[in-house]
file run.txt (compact mmCIF, N, CA and C atoms)
# COMPACT_ATOMS: atom_id res chain seq x y z
N MET U 100 0.86 -1.18 0.00
CA MET U 100 0.00 0.00 0.00
C MET U 100 0.90 1.23 0.00
N SER U 101 0.54 2.19 -0.76
CA SER U 101 1.28 3.46 -0.83
C SER U 101 1.35 4.10 0.54
N SER U 102 2.41 4.84 0.73
CA SER U 102 2.54 5.55 2.00
C SER U 102 1.69 6.81 1.97
N ALA U 103 1.34 7.24 3.16
CA ALA U 103 0.54 8.46 3.30
C ALA U 103 1.39 9.66 2.89
N PRO U 104 0.76 10.73 2.49
CA PRO U 104 1.52 11.93 2.12
C PRO U 104 2.19 12.55 3.34
N ASP U 105 3.28 13.23 3.09
CA ASP U 105 3.90 14.01 4.15
C ASP U 105 3.44 15.46 3.98
N TYR U 106 3.85 16.30 4.92
CA TYR U 106 3.39 17.69 4.87
C TYR U 106 3.90 18.41 3.62
N GLY U 107 5.09 18.06 3.16
CA GLY U 107 5.62 18.67 1.94
C GLY U 107 4.73 18.41 0.74
N PHE U 108 4.27 17.16 0.59
CA PHE U 108 3.36 16.83 -0.50
C PHE U 108 2.05 17.60 -0.32
N TYR U 109 1.52 17.59 0.91
CA TYR U 109 0.25 18.27 1.17
C TYR U 109 0.32 19.76 0.82
N SER U 110 1.37 20.42 1.28
CA SER U 110 1.43 21.87 1.08
C SER U 110 1.87 22.26 -0.32
N SER U 111 2.78 21.51 -0.92
CA SER U 111 3.30 21.89 -2.24
C SER U 111 2.54 21.26 -3.40
N ASP U 112 2.49 19.93 -3.41
CA ASP U 112 1.87 19.23 -4.55
C ASP U 112 0.34 19.36 -4.55
N TYR U 113 -0.25 19.16 -3.37
CA TYR U 113 -1.71 19.23 -3.26
C TYR U 113 -2.19 20.67 -3.15
N GLY U 114 -1.38 21.52 -2.54
CA GLY U 114 -1.78 22.92 -2.36
C GLY U 114 -2.66 23.15 -1.15
N GLY U 115 -2.52 22.30 -0.13
CA GLY U 115 -3.33 22.42 1.07
C GLY U 115 -2.98 23.63 1.90
N ALA U 116 -3.93 24.06 2.72
CA ALA U 116 -3.76 25.29 3.49
C ALA U 116 -3.57 25.06 4.99
N LEU U 117 -3.63 23.81 5.45
CA LEU U 117 -3.46 23.56 6.87
C LEU U 117 -2.02 23.78 7.29
N ASP U 118 -1.83 24.19 8.54
CA ASP U 118 -0.46 24.24 9.06
C ASP U 118 -0.02 22.81 9.36
N GLU U 119 1.27 22.63 9.59
CA GLU U 119 1.81 21.27 9.74
C GLU U 119 1.21 20.53 10.94
N GLU U 120 1.01 21.22 12.03
CA GLU U 120 0.44 20.58 13.22
C GLU U 120 -0.98 20.08 12.95
N SER U 121 -1.79 20.88 12.30
CA SER U 121 -3.16 20.48 11.98
C SER U 121 -3.16 19.32 10.98
N PHE U 122 -2.27 19.38 10.00
CA PHE U 122 -2.16 18.29 9.03
C PHE U 122 -1.83 16.98 9.75
N ARG U 123 -0.87 17.02 10.64
CA ARG U 123 -0.48 15.80 11.37
C ARG U 123 -1.61 15.28 12.25
N ALA U 124 -2.42 16.17 12.81
CA ALA U 124 -3.55 15.75 13.63
C ALA U 124 -4.64 15.10 12.79
N ALA U 125 -4.84 15.59 11.58
CA ALA U 125 -5.89 15.06 10.70
C ALA U 125 -5.46 13.79 9.98
N LEU U 126 -4.17 13.59 9.80
CA LEU U 126 -3.66 12.50 8.96
C LEU U 126 -4.15 11.10 9.36
N PRO U 127 -4.11 10.71 10.63
CA PRO U 127 -4.60 9.35 10.96
C PRO U 127 -6.06 9.14 10.61
N HIS U 128 -6.90 10.16 10.84
CA HIS U 128 -8.31 10.04 10.50
C HIS U 128 -8.48 9.91 8.99
N ALA U 129 -7.72 10.70 8.25
CA ALA U 129 -7.82 10.71 6.80
C ALA U 129 -7.37 9.39 6.19
N VAL U 130 -6.24 8.87 6.65
CA VAL U 130 -5.74 7.59 6.13
C VAL U 130 -6.75 6.49 6.40
N SER U 131 -7.31 6.47 7.59
CA SER U 131 -8.30 5.46 7.94
C SER U 131 -9.53 5.55 7.04
N ALA U 132 -10.01 6.75 6.81
CA ALA U 132 -11.19 6.94 5.97
C ALA U 132 -10.93 6.50 4.53
N VAL U 133 -9.78 6.88 3.99
CA VAL U 133 -9.46 6.51 2.61
C VAL U 133 -9.31 4.99 2.49
N ARG U 134 -8.65 4.36 3.44
CA ARG U 134 -8.50 2.91 3.38
C ARG U 134 -9.84 2.20 3.42
N ARG U 135 -10.78 2.71 4.21
CA ARG U 135 -12.13 2.12 4.23
C ARG U 135 -12.80 2.25 2.87
N ILE U 136 -12.61 3.38 2.22
CA ILE U 136 -13.27 3.63 0.95
C ILE U 136 -12.67 2.79 -0.18
N ILE U 137 -11.36 2.61 -0.19
CA ILE U 137 -10.73 1.91 -1.32
C ILE U 137 -10.57 0.41 -1.11
N TRP U 138 -10.77 -0.08 0.10
CA TRP U 138 -10.58 -1.50 0.37
C TRP U 138 -11.37 -2.35 -0.61
N PRO U 139 -10.81 -3.38 -1.16
CA PRO U 139 -9.54 -4.06 -0.95
C PRO U 139 -8.46 -3.65 -1.95
N ASN U 140 -8.64 -2.55 -2.61
CA ASN U 140 -7.72 -2.14 -3.67
C ASN U 140 -6.42 -1.54 -3.13
N ASP U 141 -5.35 -1.74 -3.89
CA ASP U 141 -4.03 -1.22 -3.53
C ASP U 141 -3.62 -0.18 -4.56
N PRO U 142 -3.37 1.05 -4.14
CA PRO U 142 -3.01 2.11 -5.08
C PRO U 142 -1.77 1.79 -5.90
N ASP U 143 -0.81 1.10 -5.30
CA ASP U 143 0.42 0.76 -6.03
C ASP U 143 0.13 -0.20 -7.17
N GLU U 144 -0.74 -1.17 -6.94
CA GLU U 144 -1.08 -2.14 -7.97
C GLU U 144 -1.81 -1.49 -9.14
N LEU U 145 -2.53 -0.42 -8.87
CA LEU U 145 -3.30 0.25 -9.91
C LEU U 145 -2.58 1.48 -10.47
N GLY U 146 -1.36 1.72 -10.04
CA GLY U 146 -0.62 2.87 -10.52
C GLY U 146 -1.24 4.19 -10.12
N ALA U 147 -1.80 4.23 -8.92
CA ALA U 147 -2.52 5.43 -8.48
C ALA U 147 -2.01 5.95 -7.14
N ALA U 148 -0.70 5.86 -6.93
CA ALA U 148 -0.13 6.30 -5.65
C ALA U 148 -0.33 7.79 -5.41
N ASP U 149 -0.13 8.63 -6.43
CA ASP U 149 -0.33 10.07 -6.25
C ASP U 149 -1.79 10.40 -5.99
N GLU U 150 -2.69 9.74 -6.70
CA GLU U 150 -4.12 9.97 -6.48
C GLU U 150 -4.51 9.56 -5.07
N TYR U 151 -3.93 8.44 -4.58
CA TYR U 151 -4.18 8.02 -3.21
C TYR U 151 -3.73 9.10 -2.23
N ARG U 152 -2.52 9.61 -2.41
CA ARG U 152 -2.02 10.65 -1.52
C ARG U 152 -2.89 11.90 -1.59
N ARG U 153 -3.33 12.27 -2.80
CA ARG U 153 -4.20 13.45 -2.94
C ARG U 153 -5.53 13.21 -2.23
N SER U 154 -6.05 11.99 -2.28
CA SER U 154 -7.32 11.70 -1.60
C SER U 154 -7.16 11.80 -0.08
N VAL U 155 -6.00 11.38 0.43
CA VAL U 155 -5.74 11.52 1.86
C VAL U 155 -5.67 13.00 2.22
N CYS U 156 -5.05 13.79 1.38
CA CYS U 156 -4.98 15.24 1.62
C CYS U 156 -6.39 15.85 1.64
N ALA U 157 -7.23 15.44 0.72
CA ALA U 157 -8.60 15.95 0.68
C ALA U 157 -9.35 15.57 1.95
N ALA U 158 -9.13 14.35 2.42
CA ALA U 158 -9.77 13.91 3.65
C ALA U 158 -9.23 14.70 4.86
N CYS U 159 -7.96 15.06 4.84
CA CYS U 159 -7.39 15.90 5.91
C CYS U 159 -8.11 17.24 5.96
N ASP U 160 -8.36 17.83 4.80
CA ASP U 160 -9.05 19.12 4.76
C ASP U 160 -10.45 19.01 5.35
N VAL U 161 -11.15 17.93 5.02
CA VAL U 161 -12.50 17.74 5.57
C VAL U 161 -12.41 17.55 7.08
N ASP U 162 -11.47 16.73 7.53
CA ASP U 162 -11.33 16.50 8.96
C ASP U 162 -11.07 17.81 9.70
N ALA U 163 -10.27 18.68 9.10
CA ALA U 163 -10.00 19.98 9.71
C ALA U 163 -11.28 20.80 9.86
N GLU U 164 -12.18 20.70 8.89
CA GLU U 164 -13.45 21.42 8.96
C GLU U 164 -14.31 20.92 10.12
N TYR U 165 -14.07 19.68 10.55
CA TYR U 165 -14.80 19.09 11.67
C TYR U 165 -13.98 19.13 12.96
N GLY U 166 -13.02 20.04 13.03
CA GLY U 166 -12.26 20.23 14.26
C GLY U 166 -11.20 19.18 14.52
N LEU U 167 -10.69 18.54 13.44
CA LEU U 167 -9.64 17.52 13.57
C LEU U 167 -10.07 16.40 14.50
N SER U 168 -11.32 15.99 14.36
CA SER U 168 -11.93 15.07 15.32
C SER U 168 -12.20 13.67 14.78
N GLY U 169 -11.98 13.44 13.51
CA GLY U 169 -12.37 12.15 12.94
C GLY U 169 -13.87 11.99 12.91
N GLY U 170 -14.57 13.09 13.00
CA GLY U 170 -16.03 13.06 12.97
C GLY U 170 -16.68 12.92 14.33
N ALA U 171 -15.87 12.73 15.37
CA ALA U 171 -16.44 12.63 16.71
C ALA U 171 -17.10 13.95 17.07
N GLY U 172 -18.31 13.87 17.51
CA GLY U 172 -19.02 15.08 17.90
C GLY U 172 -19.69 15.79 16.75
N ALA U 173 -19.59 15.23 15.53
CA ALA U 173 -20.30 15.84 14.41
C ALA U 173 -21.80 15.72 14.67
N PRO U 174 -22.54 16.78 14.44
CA PRO U 174 -23.97 16.72 14.77
C PRO U 174 -24.70 15.71 13.90
N SER U 175 -25.62 14.97 14.54
CA SER U 175 -26.45 14.05 13.79
C SER U 175 -27.81 14.66 13.50
N SER U 176 -28.15 15.72 14.25
CA SER U 176 -29.40 16.42 13.98
C SER U 176 -29.34 17.81 14.61
N VAL U 177 -30.18 18.68 14.09
CA VAL U 177 -30.29 20.05 14.59
C VAL U 177 -31.77 20.39 14.67
N THR U 178 -32.16 21.04 15.77
CA THR U 178 -33.54 21.47 15.92
C THR U 178 -33.56 22.95 16.25
N ALA U 179 -34.39 23.68 15.53
CA ALA U 179 -34.59 25.10 15.78
C ALA U 179 -36.08 25.35 15.79
N GLY U 180 -36.61 25.58 16.97
CA GLY U 180 -38.06 25.76 17.07
C GLY U 180 -38.78 24.47 16.73
N ASN U 181 -39.67 24.54 15.72
CA ASN U 181 -40.41 23.36 15.29
C ASN U 181 -39.76 22.64 14.11
N VAL U 182 -38.61 23.12 13.68
CA VAL U 182 -37.94 22.54 12.52
C VAL U 182 -36.77 21.67 12.98
N SER U 183 -36.71 20.45 12.49
CA SER U 183 -35.64 19.53 12.84
C SER U 183 -35.05 18.95 11.57
N MET U 184 -33.73 18.77 11.58
CA MET U 184 -33.06 18.20 10.42
C MET U 184 -32.09 17.14 10.91
N SER U 185 -32.14 15.93 10.30
CA SER U 185 -31.23 14.84 10.65
C SER U 185 -30.17 14.71 9.58
N PHE U 186 -28.94 14.43 10.01
CA PHE U 186 -27.81 14.31 9.10
C PHE U 186 -27.34 12.88 8.93
N GLY U 187 -27.85 11.97 9.66
CA GLY U 187 -27.41 10.58 9.58
C GLY U 187 -28.33 9.72 10.40
N GLY U 188 -27.96 8.51 10.56
CA GLY U 188 -28.75 7.58 11.33
C GLY U 188 -28.23 6.18 11.09
N ALA U 189 -28.99 5.22 11.55
CA ALA U 189 -28.54 3.83 11.44
C ALA U 189 -28.35 3.41 9.99
N ASP U 190 -29.15 3.94 9.09
CA ASP U 190 -29.06 3.50 7.70
C ASP U 190 -28.40 4.53 6.78
N ARG U 191 -27.89 5.62 7.33
CA ARG U 191 -27.28 6.66 6.50
C ARG U 191 -25.95 7.09 7.09
N ALA U 192 -25.07 7.56 6.24
CA ALA U 192 -23.77 8.05 6.70
C ALA U 192 -23.94 9.37 7.43
N SER U 193 -23.06 9.62 8.39
CA SER U 193 -23.08 10.92 9.06
C SER U 193 -22.64 11.98 8.07
N SER U 194 -22.84 13.22 8.42
CA SER U 194 -22.41 14.30 7.54
C SER U 194 -20.90 14.25 7.36
N TYR U 195 -20.15 13.92 8.41
CA TYR U 195 -18.68 13.80 8.31
C TYR U 195 -18.32 12.73 7.29
N ASP U 196 -18.91 11.54 7.43
CA ASP U 196 -18.59 10.44 6.51
C ASP U 196 -18.95 10.79 5.07
N ALA U 197 -20.09 11.43 4.90
CA ALA U 197 -20.51 11.81 3.55
C ALA U 197 -19.58 12.87 2.96
N ASP U 198 -19.16 13.83 3.77
CA ASP U 198 -18.25 14.87 3.27
C ASP U 198 -16.88 14.30 2.93
N VAL U 199 -16.37 13.39 3.78
CA VAL U 199 -15.08 12.75 3.49
C VAL U 199 -15.19 11.92 2.22
N ALA U 200 -16.24 11.12 2.11
CA ALA U 200 -16.41 10.28 0.92
C ALA U 200 -16.47 11.12 -0.35
N ARG U 201 -17.19 12.22 -0.31
CA ARG U 201 -17.32 13.08 -1.48
C ARG U 201 -15.95 13.64 -1.89
N ALA U 202 -15.16 14.08 -0.92
CA ALA U 202 -13.83 14.64 -1.21
C ALA U 202 -12.89 13.57 -1.74
N VAL U 203 -12.90 12.41 -1.11
CA VAL U 203 -12.01 11.32 -1.51
C VAL U 203 -12.39 10.80 -2.89
N GLU U 204 -13.65 10.58 -3.11
CA GLU U 204 -14.10 10.05 -4.40
C GLU U 204 -13.79 11.02 -5.54
N GLY U 205 -13.81 12.31 -5.26
CA GLY U 205 -13.45 13.29 -6.28
C GLY U 205 -12.01 13.15 -6.72
N GLU U 206 -11.13 12.80 -5.80
CA GLU U 206 -9.71 12.62 -6.13
C GLU U 206 -9.44 11.26 -6.78
N LEU U 207 -10.28 10.27 -6.51
CA LEU U 207 -10.01 8.91 -6.98
C LEU U 207 -10.81 8.51 -8.22
N ALA U 208 -11.69 9.36 -8.68
CA ALA U 208 -12.51 9.03 -9.86
C ALA U 208 -11.62 8.63 -11.03
N GLY U 209 -11.94 7.52 -11.63
CA GLY U 209 -11.22 7.04 -12.81
C GLY U 209 -9.96 6.25 -12.53
N THR U 210 -9.61 6.03 -11.26
CA THR U 210 -8.38 5.32 -10.92
C THR U 210 -8.57 3.82 -10.77
N GLY U 211 -9.78 3.36 -10.57
CA GLY U 211 -10.04 1.96 -10.28
C GLY U 211 -10.04 1.67 -8.79
N LEU U 212 -9.60 2.61 -7.97
CA LEU U 212 -9.54 2.39 -6.54
C LEU U 212 -10.92 2.34 -5.89
N LEU U 213 -11.91 2.89 -6.53
CA LEU U 213 -13.25 2.90 -5.95
C LEU U 213 -14.04 1.63 -6.28
N PHE U 214 -13.50 0.81 -7.18
CA PHE U 214 -14.20 -0.42 -7.58
C PHE U 214 -13.92 -1.52 -6.58
N SER U 215 -14.97 -2.03 -5.94
CA SER U 215 -14.77 -3.09 -4.95
C SER U 215 -15.47 -4.38 -5.32
N GLY U 216 -15.98 -4.47 -6.53
CA GLY U 216 -16.68 -5.68 -6.96
C GLY U 216 -15.77 -6.67 -7.65
N MET U 217 -16.37 -7.63 -8.24
CA MET U 217 -15.61 -8.65 -8.96
C MET U 217 -15.37 -8.17 -10.37
N GLY U 218 -14.24 -8.50 -10.92
CA GLY U 218 -13.98 -8.01 -12.26
C GLY U 218 -13.06 -8.76 -13.04

call {"tool": "encode", "arguments": {"input": "run.txt", "output": "structure tokens"}}
result
Amino acid sequence: MSSAPDYGFYSSDYGGALDEESFRAALPHAVSAVRRIIWPNDPDELGAADEYRRSVCAACDVDAEYGLSGGAGAPSSVTAGNVSMSFGGADRASSYDADVARAVEGELAGTGLLFSGMG
């Protein structure tokens, strides 16, 4: 499996805006999320190591938007007066998971890493 990006790749190649400390805090959550999304595929086998690293960077940015929390504490619903809105549940992804998936899938489209079926 390709190695995760370092801060140099994130800031220079990807063009990310997080400082190094925030990037390092988000990195474990991002790597975990990307591995869940691409499993059982290996970026090296598909010649998509840079795309894998870019997807981890994208997931770092999303994690930063959620307070570098890995989605912990992300709201599952909001109520204002008589209006209530749910963001997830037993059968749906949380807003964090959906936002990470959207960012990661955008970087991996066309690489084969998103295909998990038989082929």

call {"tool": "select_by_dssp", "arguments": {"input": "run.txt", "residues": "chain U", "states": "helix (DSSP H, G or I)", "output": "PyMOL selection string"}}
result
chain U and resi 106-113+119-137+148-164+194-207

call {"tool": "select_by_dssp", "arguments": {"input": "run.txt", "residues": "range 106-192 of chain U", "states": "strand (DSSP E)", "output": "PyMOL selection string"}}
result
chain U and resi 176-179+182-185

call {"tool": "residues_near_point", "arguments": {"input": "run.txt", "point": "(-7.6, 17.0, -5.0)", "cutoff": "7 Å", "atoms": "only C-alpha atoms", "output": "list in words"}}
result
Tyr113, Arg153, Ser154, Ala157 and Glu206 of chain U

call {"tool": "atom_distance", "arguments": {"input": "run.txt", "atom1": "CA of Leu126 in chain U", "atom2": "CA of Ala148 in chain U"}}
result
16.3 Å

call {"tool": "closest_residue", "arguments": {"input": "run.txt", "among": "U:Asn140, U:Ser101, U:Ser194, U:Ser168", "to": "Gly211 in chain U", "atoms": "only N, CA and C atoms"}}
result
U:Asn140

call {"tool": "atom_distance", "arguments": {"input": "run.txt", "atom1": "CA of Val203 in chain U", "atom2": "atom C of Asp143 in chain U"}}
result
17.7 Å

call {"tool": "closest_residue", "arguments": {"input": "run.txt", "among": "U:Ala116, U:Ala124, U:Ala197, U:Ala103", "to": "Val155 in chain U", "atoms": "only C-alpha atoms"}}
result
U:Ala103

call {"tool": "closest_residue", "arguments": {"input": "run.txt", "among": "U:Leu145, U:Tyr195, U:Ala129, U:Glu150", "to": "Ala208 in chain U", "atoms": "all atoms listed in the file"}}
result
U:Glu150

call {"tool": "residues_near_point", "arguments": {"input": "run.txt", "point": "(-8.8, 4.0, -4.8)", "cutoff": "5 Å", "atoms": "all atoms listed in the file", "output": "number ranges by chain"}}
result
U: 137, 211-213

call {"tool": "closest_residue", "arguments": {"input": "run.txt", "among": "U:Ala132, U:Ser102, U:Ser110, U:Gly166", "to": "Glu204 in chain U", "atoms": "only C-alpha atoms"}}
result
U:Ala132

call {"tool": "closest_residue", "arguments": {"input": "run.txt", "among": "U:Asp149, U:Asp141, U:Asp160, U:Asp196", "to": "Gly115 in chain U", "atoms": "only N, CA and C atoms"}}
result
U:Asp160

call {"tool": "atom_distance", "arguments": {"input": "run.txt", "atom1": "CA of Ser111 in chain U", "atom2": "CA of Arg135 in chain U"}}
result
25.9 Å

call {"tool": "closest_residue", "arguments": {"input": "run.txt", "among": "U:Asp198, U:Asp112, U:Asp105, U:Glu144", "to": "Ala158 in chain U", "atoms": "all atoms listed in the file"}}
result
U:Asp198
